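Text of structure_24.cif (mmCIF, C-alpha atoms (C1' of nucleotides)) as supplied:
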data_upload
#
loop_
_atom_site.label_atom_id
_atom_site.label_comp_id
_atom_site.auth_asym_id
_atom_site.auth_seq_id
_atom_site.Cartn_x
_atom_site.Cartn_y
_atom_site.Cartn_z
CA MET A 1 29.13 -24.57 9.19
CA TYR A 2 28.31 -22.74 12.40
CA GLN A 3 30.65 -19.84 11.81
CA PRO A 4 28.18 -17.65 9.89
CA LEU A 5 25.58 -18.07 12.63
CA LEU A 6 27.99 -17.39 15.46
CA SER A 7 29.37 -14.26 13.91
CA TYR A 8 25.89 -13.20 12.98
CA ILE A 9 24.87 -13.37 16.63
CA GLU A 10 27.91 -11.49 17.80
CA ARG A 11 27.44 -8.84 15.15
CA HIS A 12 23.96 -8.17 16.49
CA SER A 13 24.70 -7.98 20.18
CA THR A 14 27.08 -6.27 22.56
CA THR A 15 27.75 -9.23 24.83
CA PRO A 16 30.13 -11.81 23.37
CA LEU A 17 29.42 -15.53 23.30
CA SER A 18 31.09 -17.70 25.93
CA GLY A 19 32.53 -21.11 25.12
CA GLU A 20 29.53 -22.78 26.70
CA ASP A 21 27.18 -20.60 24.75
CA ILE A 22 28.82 -21.73 21.55
CA GLU A 23 28.60 -25.35 22.53
CA LEU A 24 24.97 -24.98 23.43
CA ILE A 25 24.22 -23.31 20.15
CA GLN A 26 26.01 -25.99 18.21
CA SER A 27 24.10 -28.70 20.01
CA LYS A 28 20.69 -27.15 19.42
CA PHE A 29 20.93 -25.85 15.88
CA THR A 30 20.95 -28.82 13.55
CA PRO A 31 22.32 -28.54 10.00
CA LYS A 32 20.00 -29.53 7.20
CA LYS A 33 20.13 -29.48 3.43
CA ILE A 34 17.04 -28.33 1.60
CA ARG A 35 16.80 -29.16 -2.08
CA LYS A 36 15.51 -26.62 -4.49
CA GLY A 37 11.72 -26.69 -4.40
CA GLN A 38 11.50 -28.48 -1.08
CA TYR A 39 9.25 -26.99 1.61
CA ILE A 40 10.07 -26.23 5.18
CA LEU A 41 6.61 -24.85 5.90
CA GLN A 42 3.23 -25.23 4.22
CA ASP A 43 -0.12 -23.51 4.47
CA GLY A 44 -2.03 -24.86 7.46
CA GLU A 45 0.98 -26.11 9.38
CA ILE A 46 2.16 -24.60 12.62
CA CYS A 47 5.67 -23.23 12.36
CA ARG A 48 7.60 -25.06 15.05
CA SER A 49 11.11 -24.10 14.14
CA THR A 50 13.20 -21.38 12.65
CA ALA A 51 15.99 -21.78 10.14
CA PHE A 52 19.12 -19.73 9.69
CA ILE A 53 20.28 -19.72 6.09
CA VAL A 54 23.97 -20.53 5.82
CA LYS A 55 24.02 -20.85 2.06
CA GLY A 56 21.31 -20.64 -0.54
CA ALA A 57 18.06 -18.80 -1.11
CA MET A 58 14.48 -19.29 0.00
CA ARG A 59 11.12 -17.67 -0.50
CA GLN A 60 7.97 -17.25 1.52
CA TYR A 61 4.62 -16.83 -0.20
CA THR A 62 0.86 -17.20 -0.01
CA VAL A 63 -1.50 -18.58 -2.58
CA ASP A 64 -4.72 -16.62 -2.98
CA ASP A 65 -8.17 -17.98 -3.82
CA LYS A 66 -7.45 -17.68 -7.53
CA GLY A 67 -4.36 -19.81 -7.16
CA MET A 68 -1.94 -16.91 -7.60
CA GLU A 69 1.28 -16.91 -5.62
CA HIS A 70 2.26 -13.78 -3.75
CA ILE A 71 5.83 -13.52 -2.56
CA ILE A 72 5.97 -12.15 0.96
CA GLN A 73 9.63 -12.45 1.63
CA LEU A 74 12.80 -13.46 -0.14
CA ALA A 75 15.72 -14.66 1.93
CA ILE A 76 19.35 -15.46 1.30
CA GLU A 77 22.48 -16.12 3.34
CA ASN A 78 22.36 -14.73 6.88
CA TRP A 79 18.59 -14.49 7.03
CA TRP A 80 16.03 -16.35 9.05
CA ALA A 81 13.30 -18.36 7.44
CA ASP A 82 10.15 -18.90 9.46
CA ASP A 83 6.65 -17.55 9.94
CA ARG A 84 7.09 -15.41 13.00
CA GLU A 85 3.40 -15.13 13.76
CA SER A 86 2.76 -18.83 13.60
CA PHE A 87 5.95 -19.55 15.51
CA LEU A 88 5.08 -17.18 18.34
CA THR A 89 1.38 -17.84 18.61
CA ASP A 90 1.16 -21.55 17.77
CA THR A 91 -1.46 -20.89 15.15
CA PRO A 92 -1.54 -22.41 11.66
CA SER A 93 0.45 -20.48 9.09
CA ARG A 94 -1.04 -19.26 5.85
CA TYR A 95 2.34 -19.28 4.16
CA TYR A 96 4.59 -21.57 2.25
CA ILE A 97 8.34 -21.44 2.63
CA ASP A 98 10.45 -23.34 0.13
CA ALA A 99 14.00 -23.35 -1.17
CA TRP A 100 14.68 -21.45 -4.36
CA GLU A 101 18.20 -22.81 -4.60
CA ASN A 102 19.69 -25.80 -2.88
CA THR A 103 20.07 -24.42 0.59
CA ASP A 104 21.99 -25.19 3.76
CA VAL A 105 20.23 -24.15 6.92
CA LEU A 106 20.66 -24.47 10.64
CA VAL A 107 17.36 -25.46 12.18
CA LEU A 108 16.34 -24.52 15.70
CA LYS A 109 13.26 -26.10 17.22
CA LYS A 110 10.97 -23.82 19.12
CA THR A 111 11.14 -26.01 22.21
CA ASP A 112 14.93 -25.86 22.24
CA TYR A 113 14.76 -22.16 21.78
CA TYR A 114 12.57 -21.66 24.82
CA GLU A 115 14.22 -24.23 27.01
CA HIS A 116 17.85 -23.51 26.33
CA LEU A 117 18.87 -20.67 24.09
CA ILE A 118 16.75 -18.20 25.95
CA HIS A 119 19.47 -18.27 28.61
CA ILE A 120 22.16 -16.95 26.32
CA PRO A 121 22.26 -13.17 26.73
CA ALA A 122 23.81 -12.45 23.32
CA MET A 123 21.11 -14.54 21.71
CA MET A 124 18.32 -12.64 23.41
CA GLU A 125 19.89 -9.35 22.58
CA MET A 126 20.25 -10.29 18.96
CA ILE A 127 16.62 -11.30 18.73
CA LYS A 128 15.52 -8.04 20.24
CA VAL A 129 17.63 -6.04 17.81
CA LEU A 130 16.28 -8.07 14.92
CA ASP A 131 12.68 -7.65 15.97
CA GLU A 132 13.20 -3.92 16.20
CA ARG A 133 14.84 -3.64 12.83
CA HIS A 134 12.34 -5.91 11.31
CA ALA A 135 9.55 -3.76 12.67
CA TYR A 136 10.75 -0.54 11.19
CA ALA A 137 12.01 -2.05 7.97
CA ASN A 138 8.52 -3.36 7.45
CA HIS A 139 7.10 -0.03 8.35
CA LYS A 140 9.13 1.61 5.65
CA ARG A 141 8.19 -1.01 3.11
CA LEU A 142 4.58 -0.52 4.07
CA HIS A 143 4.76 3.20 3.70
CA SER A 144 6.42 2.78 0.35
CA ALA A 145 3.77 0.30 -0.79
CA LEU A 146 1.01 2.73 0.09
CA ASN A 147 2.44 5.92 -1.30
CA ASP A 148 5.07 5.18 -3.93
CA THR A 149 4.63 4.17 -7.54
CA ALA A 150 5.74 0.78 -8.80
CA GLU A 151 8.79 2.44 -10.31
CA GLN A 152 9.89 4.09 -7.07
CA ARG A 153 9.46 0.82 -5.22
CA TYR A 154 11.61 -0.97 -7.75
CA PHE A 155 14.43 1.56 -7.52
CA ASN A 156 14.12 1.40 -3.80
CA LEU A 157 14.71 -2.31 -3.90
CA ILE A 158 17.65 -1.98 -6.26
CA SER A 159 19.38 0.35 -3.85
CA THR A 160 18.56 -1.50 -0.65
CA ARG A 161 18.71 -5.12 -1.78
CA PRO A 162 20.71 -5.41 -4.98
CA GLU A 163 21.49 -9.04 -4.10
CA PHE A 164 17.86 -9.96 -4.59
CA ILE A 165 17.88 -8.70 -8.14
CA GLN A 166 20.89 -10.87 -8.95
CA ARG A 167 19.61 -13.88 -7.19
CA PHE A 168 15.95 -14.23 -8.07
CA PRO A 169 14.20 -14.17 -11.46
CA GLN A 170 12.36 -11.07 -12.39
CA TYR A 171 8.89 -12.47 -11.94
CA LEU A 172 9.60 -13.24 -8.29
CA ILE A 173 10.93 -9.74 -7.74
CA ALA A 174 7.76 -8.42 -9.35
CA SER A 175 5.58 -10.43 -7.03
CA TYR A 176 7.65 -9.33 -4.05
CA LEU A 177 7.07 -5.73 -5.09
CA GLY A 178 3.37 -6.39 -5.62
CA VAL A 179 3.34 -5.63 -9.35
CA ALA A 180 2.63 -7.77 -12.41
CA LYS A 181 5.71 -9.23 -14.04
CA GLU A 182 4.87 -7.42 -17.30
CA THR A 183 4.78 -4.11 -15.46
CA LEU A 184 8.20 -4.68 -13.98
CA SER A 185 9.55 -5.64 -17.37
CA ARG A 186 8.27 -2.41 -18.91
CA LEU A 187 9.63 -0.38 -16.05
CA ARG A 188 13.07 -1.73 -16.62
CA SER A 189 13.13 -1.26 -20.37
CA SER A 190 11.88 2.31 -20.19
CA ASN A 191 14.83 3.38 -18.10
CA MET B 1 -3.95 8.22 35.76
CA TYR B 2 -1.43 5.39 35.91
CA GLN B 3 -3.95 2.59 36.07
CA PRO B 4 -4.35 2.13 32.30
CA LEU B 5 -0.59 1.88 31.86
CA LEU B 6 -0.10 -0.53 34.73
CA SER B 7 -2.83 -2.87 33.63
CA TYR B 8 -1.59 -2.57 30.07
CA ILE B 9 1.83 -3.79 31.16
CA GLU B 10 0.42 -6.65 33.16
CA ARG B 11 -1.87 -7.65 30.33
CA HIS B 12 1.14 -8.02 28.05
CA SER B 13 3.40 -9.99 30.32
CA THR B 14 3.35 -13.08 32.47
CA THR B 15 5.32 -11.68 35.43
CA PRO B 16 3.31 -9.37 37.67
CA LEU B 17 4.52 -5.95 38.77
CA SER B 18 5.95 -5.64 42.27
CA GLY B 19 5.21 -2.68 44.52
CA GLU B 20 8.62 -1.22 43.78
CA ASP B 21 8.12 -1.69 40.06
CA ILE B 22 4.94 0.31 40.26
CA GLU B 23 6.62 3.08 42.22
CA LEU B 24 9.46 3.20 39.75
CA ILE B 25 7.08 3.38 36.84
CA GLN B 26 5.11 6.13 38.45
CA SER B 27 8.25 8.14 39.11
CA LYS B 28 9.58 7.85 35.55
CA PHE B 29 6.46 8.23 33.44
CA THR B 30 5.35 11.83 33.67
CA PRO B 31 1.77 12.86 32.84
CA LYS B 32 1.32 15.49 30.18
CA LYS B 33 -1.61 17.10 28.44
CA ILE B 34 -1.33 17.63 24.71
CA ARG B 35 -3.78 20.03 23.13
CA LYS B 36 -5.35 19.22 19.82
CA GLY B 37 -2.91 20.11 17.06
CA GLN B 38 0.13 20.21 19.32
CA TYR B 39 3.21 18.25 18.24
CA ILE B 40 5.24 15.81 20.27
CA LEU B 41 7.62 15.09 17.39
CA GLN B 42 8.52 16.94 14.22
CA ASP B 43 10.42 16.10 11.06
CA GLY B 44 14.15 16.40 11.68
CA GLU B 45 14.01 15.92 15.43
CA ILE B 46 15.37 12.90 17.20
CA CYS B 47 12.70 11.03 19.11
CA ARG B 48 13.93 10.98 22.69
CA SER B 49 10.87 9.77 24.47
CA THR B 50 7.85 7.58 24.07
CA ALA B 51 4.31 8.41 25.13
CA PHE B 52 1.57 6.12 26.35
CA ILE B 53 -1.86 7.44 25.44
CA VAL B 54 -4.18 7.41 28.45
CA LYS B 55 -6.98 9.33 26.80
CA GLY B 56 -7.29 10.94 23.41
CA ALA B 57 -6.11 10.35 19.85
CA MET B 58 -2.94 11.10 17.94
CA ARG B 59 -1.61 10.70 14.45
CA GLN B 60 1.79 10.15 12.87
CA TYR B 61 2.47 11.32 9.34
CA THR B 62 5.03 12.42 6.77
CA VAL B 63 4.87 15.29 4.36
CA ASP B 64 6.15 14.51 0.87
CA ASP B 65 7.97 16.85 -1.52
CA LYS B 66 4.66 18.04 -2.94
CA GLY B 67 3.47 19.04 0.52
CA MET B 68 1.01 16.17 0.84
CA GLU B 69 0.48 14.55 4.23
CA HIS B 70 0.60 10.79 4.45
CA ILE B 71 -0.79 9.23 7.60
CA ILE B 72 1.32 6.32 8.65
CA GLN B 73 -0.22 5.59 12.00
CA LEU B 74 -3.29 6.49 13.98
CA ALA B 75 -3.28 5.95 17.72
CA ILE B 76 -5.85 6.09 20.50
CA GLU B 77 -6.09 5.03 24.16
CA ASN B 78 -3.65 2.30 25.16
CA TRP B 79 -1.28 2.89 22.29
CA TRP B 80 2.25 4.18 22.18
CA ALA B 81 3.19 7.26 20.24
CA ASP B 82 6.80 7.55 19.11
CA ASP B 83 9.01 6.95 16.12
CA ARG B 84 10.56 3.65 16.97
CA GLU B 85 13.36 3.90 14.45
CA SER B 86 14.45 7.35 15.55
CA PHE B 87 14.09 6.38 19.20
CA LEU B 88 16.22 3.27 18.85
CA THR B 89 18.86 4.56 16.49
CA ASP B 90 19.19 8.19 17.59
CA THR B 91 18.70 9.40 14.06
CA PRO B 92 16.45 12.28 12.98
CA SER B 93 12.86 11.30 12.36
CA ARG B 94 11.08 11.99 9.12
CA TYR B 95 7.72 12.03 10.84
CA TYR B 96 5.39 14.35 12.64
CA ILE B 97 3.32 13.20 15.58
CA ASP B 98 0.55 15.48 16.79
CA ALA B 99 -2.64 15.26 18.83
CA TRP B 100 -5.87 14.87 16.94
CA GLU B 101 -7.94 15.34 20.07
CA ASN B 102 -6.89 16.84 23.38
CA THR B 103 -4.84 14.00 24.72
CA ASP B 104 -3.47 12.81 28.06
CA VAL B 105 -0.22 10.93 27.80
CA LEU B 106 2.39 9.43 30.09
CA VAL B 107 5.81 10.36 28.79
CA LEU B 108 8.89 8.23 29.32
CA LYS B 109 12.28 9.61 28.45
CA LYS B 110 14.64 7.32 26.62
CA THR B 111 17.34 7.83 29.25
CA ASP B 112 14.98 6.80 32.05
CA TYR B 113 13.93 3.84 30.02
CA TYR B 114 17.46 2.58 29.61
CA GLU B 115 18.66 3.46 33.09
CA HIS B 116 15.74 2.29 35.15
CA LEU B 117 12.80 0.59 33.54
CA ILE B 118 14.97 -1.90 31.76
CA HIS B 119 15.30 -3.65 35.11
CA ILE B 120 11.61 -4.39 35.41
CA PRO B 121 11.02 -7.85 33.99
CA ALA B 122 7.34 -7.32 33.20
CA MET B 123 8.26 -4.17 31.32
CA MET B 124 10.84 -5.92 29.19
CA GLU B 125 8.52 -8.77 28.50
CA MET B 126 5.78 -6.41 27.44
CA ILE B 127 8.08 -4.62 25.05
CA LYS B 128 9.15 -7.84 23.49
CA VAL B 129 5.57 -8.98 23.02
CA LEU B 130 4.69 -5.63 21.50
CA ASP B 131 7.60 -5.65 19.10
CA GLU B 132 6.61 -9.09 17.95
CA ARG B 133 2.99 -8.20 17.43
CA HIS B 134 3.91 -4.99 15.81
CA ALA B 135 6.15 -6.83 13.41
CA TYR B 136 3.56 -9.22 12.17
CA ALA B 137 0.69 -6.76 12.22
CA ASN B 138 2.77 -4.60 9.91
CA HIS B 139 3.57 -7.60 7.82
CA LYS B 140 -0.10 -8.25 7.29
CA ARG B 141 -0.81 -4.63 6.51
CA LEU B 142 2.05 -4.68 4.05
CA HIS B 143 0.80 -7.77 2.34
CA SER B 144 -2.63 -6.27 2.16
CA ALA B 145 -1.28 -3.02 0.71
CA LEU B 146 0.54 -4.91 -2.01
CA ASN B 147 -2.10 -7.37 -3.03
CA ASP B 148 -5.55 -6.17 -2.01
CA THR B 149 -7.76 -3.57 -3.65
CA ALA B 150 -8.65 -0.33 -1.90
CA GLU B 151 -12.03 -1.81 -1.08
CA GLN B 152 -10.63 -4.92 0.56
CA ARG B 153 -8.26 -2.81 2.60
CA TYR B 154 -11.10 -0.64 3.79
CA PHE B 155 -13.24 -3.57 4.88
CA ASN B 156 -10.20 -5.01 6.54
CA LEU B 157 -9.83 -1.89 8.58
CA ILE B 158 -13.50 -1.81 9.51
CA SER B 159 -13.27 -5.30 10.91
CA THR B 160 -9.94 -4.93 12.68
CA ARG B 161 -10.09 -1.33 13.88
CA PRO B 162 -13.68 -0.11 13.95
CA GLU B 163 -12.67 2.48 16.60
CA PHE B 164 -10.58 4.30 14.04
CA ILE B 165 -13.54 4.79 11.76
CA GLN B 166 -15.52 6.34 14.58
CA ARG B 167 -12.73 8.45 15.85
CA PHE B 168 -11.05 9.98 12.82
CA PRO B 169 -12.54 11.83 9.85
CA GLN B 170 -12.79 9.99 6.60
CA TYR B 171 -9.99 11.81 4.87
CA LEU B 172 -7.52 10.69 7.52
CA ILE B 173 -8.70 7.12 7.20
CA ALA B 174 -8.24 7.40 3.45
CA SER B 175 -4.69 8.62 3.87
CA TYR B 176 -3.99 5.85 6.38
CA LEU B 177 -5.20 3.33 3.81
CA GLY B 178 -3.16 4.97 1.09
CA VAL B 179 -6.10 5.98 -1.11
CA ALA B 180 -7.46 9.35 -2.21
CA LYS B 181 -10.30 10.65 -0.06
CA GLU B 182 -12.60 10.70 -3.08
CA THR B 183 -11.90 7.05 -3.72
CA LEU B 184 -12.80 6.11 -0.17
CA SER B 185 -15.98 8.13 -0.41
CA ARG B 186 -17.05 6.32 -3.57
CA LEU B 187 -16.21 2.98 -2.04
CA ARG B 188 -18.49 3.63 0.87
CA SER B 189 -21.42 4.86 -1.14
CA SER B 190 -21.30 1.97 -3.59
CA ASN B 191 -21.82 -0.55 -0.85
"C1'" DC C 1 16.28 -28.89 -33.52
"C1'" DG C 2 12.84 -28.29 -30.49
"C1'" DC C 3 11.42 -27.62 -25.86
"C1'" DG C 4 10.61 -24.83 -21.73
"C1'" DG C 5 11.30 -21.32 -18.46
"C1'" DG C 6 11.67 -16.65 -18.36
"C1'" DT C 7 11.15 -12.12 -20.50
"C1'" DT C 8 9.24 -8.81 -23.70
"C1'" DT C 9 5.66 -6.50 -26.42
"C1'" DG C 10 1.04 -5.16 -27.61
"C1'" DA C 11 -3.83 -4.19 -26.95
"C1'" DT C 12 -7.48 -3.46 -23.84
"C1'" DG C 13 -9.81 -2.39 -19.69
"C1'" DA C 14 -10.18 -1.69 -14.67
"C1'" DT C 15 -8.80 0.83 -10.86
"C1'" DG C 16 -7.88 4.71 -8.59
"C1'" DC C 17 -5.88 9.66 -8.89
"C1'" DT C 18 -6.50 14.62 -9.91
"C1'" DC C 19 -8.93 18.64 -10.45
"C1'" DA C 20 -13.09 21.03 -10.02
"C1'" DA C 21 -17.52 21.90 -8.51
"C1'" DG C 22 -21.36 21.26 -5.48
"C1'" DC C 23 -23.43 19.76 -1.19
"C1'" DC C 24 -24.31 19.14 3.73
"C1'" DC C 25 -24.34 20.76 8.28
"C1'" DG C 26 -22.96 22.81 12.53
"C1'" DG C 27 -21.30 27.21 14.34
"C1'" DT C 28 -21.06 32.28 14.40
"C1'" DG C 29 -22.46 36.83 13.99
"C1'" DG C 30 -25.77 40.18 12.35
"C1'" DC D 1 -33.78 33.47 13.51
"C1'" DC D 2 -31.58 33.55 9.43
"C1'" DA D 3 -27.45 34.24 6.37
"C1'" DC D 4 -23.10 33.00 5.80
"C1'" DC D 5 -18.92 30.53 6.37
"C1'" DG D 6 -15.92 26.61 6.48
"C1'" DG D 7 -14.67 21.94 7.11
"C1'" DG D 8 -15.62 17.69 5.50
"C1'" DC D 9 -17.99 14.72 2.31
"C1'" DT D 10 -19.81 13.70 -2.33
"C1'" DT D 11 -20.11 13.67 -7.38
"C1'" DG D 12 -18.40 14.06 -11.99
"C1'" DA D 13 -15.13 13.95 -15.95
"C1'" DG D 14 -10.74 12.93 -17.73
"C1'" DC D 15 -6.49 10.76 -17.27
"C1'" DA D 16 -2.44 7.96 -15.59
"C1'" DT D 17 -1.11 3.78 -13.89
"C1'" DC D 18 -1.15 -0.81 -13.78
"C1'" DA D 19 -3.40 -5.61 -14.41
"C1'" DT D 20 -4.78 -8.90 -17.63
"C1'" DC D 21 -4.69 -11.76 -21.60
"C1'" DA D 22 -2.37 -13.24 -25.56
"C1'" DA D 23 1.31 -13.76 -28.53
"C1'" DA D 24 6.03 -13.57 -29.70
"C1'" DC D 25 10.64 -13.89 -28.45
"C1'" DC D 26 15.08 -15.34 -26.36
"C1'" DC D 27 18.29 -18.62 -25.00
"C1'" DG D 28 20.32 -22.49 -22.61
"C1'" DC D 29 19.88 -27.46 -22.77
"C1'" DG D 30 18.73 -32.10 -23.82
#

Show me the file's structure as structure tokens.
Amino acid sequence: MYQPLLSYIERHSTTPLSGEDIELIQSKFTPKKIRKGQYILQDGEICRSTAFIVKGAMRQYTVDDKGMEHIIQLAIENWWADDRESFLTDTPSRYYIDAWENTDVLVLKKTDYYEHLIHIPAMMEMIKVLDERHAYANHKRLHSALNDTAEQRYFNLISTRPEFIQRFPQYLIASYLGVAKETLSRLRSSN
Amino acid sequence: MYQPLLSYIERHSTTPLSGEDIELIQSKFTPKKIRKGQYILQDGEICRSTAFIVKGAMRQYTVDDKGMEHIIQLAIENWWADDRESFLTDTPSRYYIDAWENTDVLVLKKTDYYEHLIHIPAMMEMIKVLDERHAYANHKRLHSALNDTAEQRYFNLISTRPEFIQRFPQYLIASYLGVAKETLSRLRSSN
DNA sequence: CGCGGGTTTGATGATGCTCAAGCCCGGTGG
DNA sequence: CCACCGGGCTTGAGCATCATCAAACCCGCG
């Protein structure tokens, strides 16, 4: 159960985990099963924990004033599910996060994070690396959203995240890309 | 000269700067004047330093295959100018960064950063806070780019970054928003 | 067999881009 | 002091892209 998380941490840091580190991690991350459709965060709530996905798939989205869902993020094995802004600033989230498949996660409460895990060097290093990557990955996605056509963005996604295409239905991919599902359908058939 | 930087650091961290910290910072950040139009980074170069803007305005952009410039970031006083991805990964940048006005910056070389400043707690804390903010600010901008109309994005910018509107000509703002300059012009006149 | 979620297809219209021309205004030189 | 120039902003017409609405289709499943 914990193996994916532990190796994930070590893969993203230079310092290895000590035996105590591992014990601490195992005591603070609690396993949880999320059934398909079940929420771990809803609009208006403050995000007080983060979840590492061991197996399964989740999605994060907003609902606009017209009741339309907009996918912000799709996440599968070895990803984190949370609303970073809400988590860090203790402000209510405007997002929903729910399970798209039955999902196994390891949940870490914010309080445990700050009181205990912050003392594990590999953990801190990993988080820093992730924040950095996250920042410039987003930057690229942003730049692509502003300047590329729907078609370019789709092919971009195919080459960078082929797993997503396998894993999620087309209309979620469309929403993730910010295009109408019909548009994505036409894109695909015309090429 | 150093005051804006020092108070910037303290504003973004909980630990104060010691006297030695301040001396170290002053010895590693070197002041530099950048004339309007002068580059601090060009496409193909590896970004080996970061610059804190004390006074002035800069812009970061790409040039696409058709020779069109796309503004990806505008920066004024109390901002950092660099290509984070290139800086962190030692890979060639695809961006240009140049001065839009005559600009005073404090330049920090990557090597100095890693060898010395990494030992200043307030500095590390500041960087972490910035990365976090940066990440979710980009996330918002991304979401807005995907789901909002050009008009909404423009009004968004007016309310979050009114300084930009004052400081940069309209056609740069348009590019930053990812719309044609004509479109932005029409938007403004129709409201 | 029929139902339902997901995808496709078609028609129509809005949004925003491109190209082209004109305008405004501050700066420069005659 | 005025004419001209140039950078930036505006205006217009036509067109491409993409959203929207509506209907049909596909296919696995009860």

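Going from atom CA of A:Leu117 to atom CA of A:Leu24 covers 7.5 Å.
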
**Study point:** Neighbour list for D:DC2 as an NGL selection string, cut-off 12 Å, only C-alpha atoms (C1' of nucleotides), skip fewer than 4 positions in-chain
**Key:** :C and (28-30)

Exactly which residues make up the result of the PyMOL selection byres ((chain D) within 8 of (chain B)) on this file, given as a PDB file with C-alpha atoms (C1' of nucleotides), in the frame of the given file?
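The resulting expr_34.pdb:
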ATOM      1  C1'  DG D   8     -15.620  17.690   5.500  1.00  0.00           C
ATOM      2  C1'  DC D   9     -17.990  14.720   2.310  1.00  0.00           C
ATOM      3  C1'  DT D  10     -19.810  13.700  -2.330  1.00  0.00           C
TER       4       DT D  10
END

Spell out the residues picked by the PyMOL selection byres ((chain B) within 8 of (chain A)) here, as an mmCIF file with C-alpha atoms, in the coordinates of the input.
data_model
loop_
_atom_site.group_PDB
_atom_site.id
_atom_site.type_symbol
_atom_site.label_atom_id
_atom_site.label_comp_id
_atom_site.auth_asym_id
_atom_site.auth_seq_id
_atom_site.Cartn_x
_atom_site.Cartn_y
_atom_site.Cartn_z
ATOM 1 C CA HIS B 70 0.600 10.790 4.450
ATOM 2 C CA ILE B 72 1.320 6.320 8.650
ATOM 3 C CA ARG B 84 10.560 3.650 16.970
ATOM 4 C CA GLU B 85 13.360 3.900 14.450
ATOM 5 C CA LYS B 128 9.150 -7.840 23.490
ATOM 6 C CA ASP B 131 7.600 -5.650 19.100
ATOM 7 C CA GLU B 132 6.610 -9.090 17.950
ATOM 8 C CA ARG B 133 2.990 -8.200 17.430
ATOM 9 C CA HIS B 134 3.910 -4.990 15.810
ATOM 10 C CA ALA B 135 6.150 -6.830 13.410
ATOM 11 C CA TYR B 136 3.560 -9.220 12.170
ATOM 12 C CA ASN B 138 2.770 -4.600 9.910
ATOM 13 C CA HIS B 139 3.570 -7.600 7.820
ATOM 14 C CA ARG B 141 -0.810 -4.630 6.510
ATOM 15 C CA LEU B 142 2.050 -4.680 4.050
ATOM 16 C CA HIS B 143 0.800 -7.770 2.340
ATOM 17 C CA ALA B 145 -1.280 -3.020 0.710
ATOM 18 C CA LEU B 146 0.540 -4.910 -2.010
ATOM 19 C CA ASN B 147 -2.100 -7.370 -3.030
ATOM 20 C CA LEU B 177 -5.200 3.330 3.810
ATOM 21 C CA GLY B 178 -3.160 4.970 1.090
ATOM 22 C CA VAL B 179 -6.100 5.980 -1.110
#

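Put simply, the PyMOL selection byres ((chain C) within 9 of (chain A)) on this file hits DG6, DT7, DT8 and DT9 of chain C.
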
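Pairwise distance (atom CA of B:Gln38, atom CA of B:Val63) equals 16.4 Å.
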
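The space between atom C1' of C:DT15 and atom CA of B:Ser190 spans 14.5 Å.
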
Exercise for review: Using all atoms listed in the file, determine which residues lie at most 10 Å from stretch 96-107 of chain A, disregarding the query and same-chain residues fewer than 5 positions distant; provide the list as a PyMOL selection string.
Suggested key: chain A and resi 1-2+5+26+28-45+49-63+69+71-83+167-168

Point to revise | All residues 12 Å or closer to D:DG30, only C-alpha atoms (C1' of nucleotides), same chain fewer than 4 positions away omitted, as a PyMOL selection string | key: chain C and resi 1-4

Output C-alpha atoms (C1' of nucleotides) for every residue in that selection, as a PDB file, in the coordinates of the input.
ATOM      1  C1'  DC C   1      16.280 -28.890 -33.520  1.00  0.00           C
ATOM      2  C1'  DG C   2      12.840 -28.290 -30.490  1.00  0.00           C
ATOM      3  C1'  DC C   3      11.420 -27.620 -25.860  1.00  0.00           C
ATOM      4  C1'  DG C   4      10.610 -24.830 -21.730  1.00  0.00           C
TER       5       DG C   4
END

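When the distance limit is 10 Å and all atoms listed in the file are what count, the residues near A:Met126, minus those fewer than 2 positions from it on the same chain, are A:Tyr8, A:Ile9, A:Glu10, A:Arg11, A:His12, A:Ser13, A:Thr14, A:Thr15, A:Pro121, A:Ala122, A:Met123, A:Met124, A:Lys128, A:Val129, A:Leu130, A:Asp131, A:Glu132.
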
Dump of C-alpha atoms for the selected residues, as an mmCIF file, in the coordinates of the input:
data_model
loop_
_atom_site.group_PDB
_atom_site.id
_atom_site.type_symbol
_atom_site.label_atom_id
_atom_site.label_comp_id
_atom_site.auth_asym_id
_atom_site.auth_seq_id
_atom_site.Cartn_x
_atom_site.Cartn_y
_atom_site.Cartn_z
ATOM 1 C CA TYR A 8 25.890 -13.200 12.980
ATOM 2 C CA ILE A 9 24.870 -13.370 16.630
ATOM 3 C CA GLU A 10 27.910 -11.490 17.800
ATOM 4 C CA ARG A 11 27.440 -8.840 15.150
ATOM 5 C CA HIS A 12 23.960 -8.170 16.490
ATOM 6 C CA SER A 13 24.700 -7.980 20.180
ATOM 7 C CA THR A 14 27.080 -6.270 22.560
ATOM 8 C CA THR A 15 27.750 -9.230 24.830
ATOM 9 C CA PRO A 121 22.260 -13.170 26.730
ATOM 10 C CA ALA A 122 23.810 -12.450 23.320
ATOM 11 C CA MET A 123 21.110 -14.540 21.710
ATOM 12 C CA MET A 124 18.320 -12.640 23.410
ATOM 13 C CA LYS A 128 15.520 -8.040 20.240
ATOM 14 C CA VAL A 129 17.630 -6.040 17.810
ATOM 15 C CA LEU A 130 16.280 -8.070 14.920
ATOM 16 C CA ASP A 131 12.680 -7.650 15.970
ATOM 17 C CA GLU A 132 13.200 -3.920 16.200
#

Review point. Which residues, written as a count of residues only, have at least one atom at most 12 Å from B:Glu20, with all atoms listed in the file counted and residues fewer than 5 positions away on the same chain left out?
Key: 7

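For the set D:DC27, D:DA3, D:DC21, D:DT11, the residue with the smallest atom-to-atom gap to C:DG22 is D:DT11, counting all atoms listed in the file.
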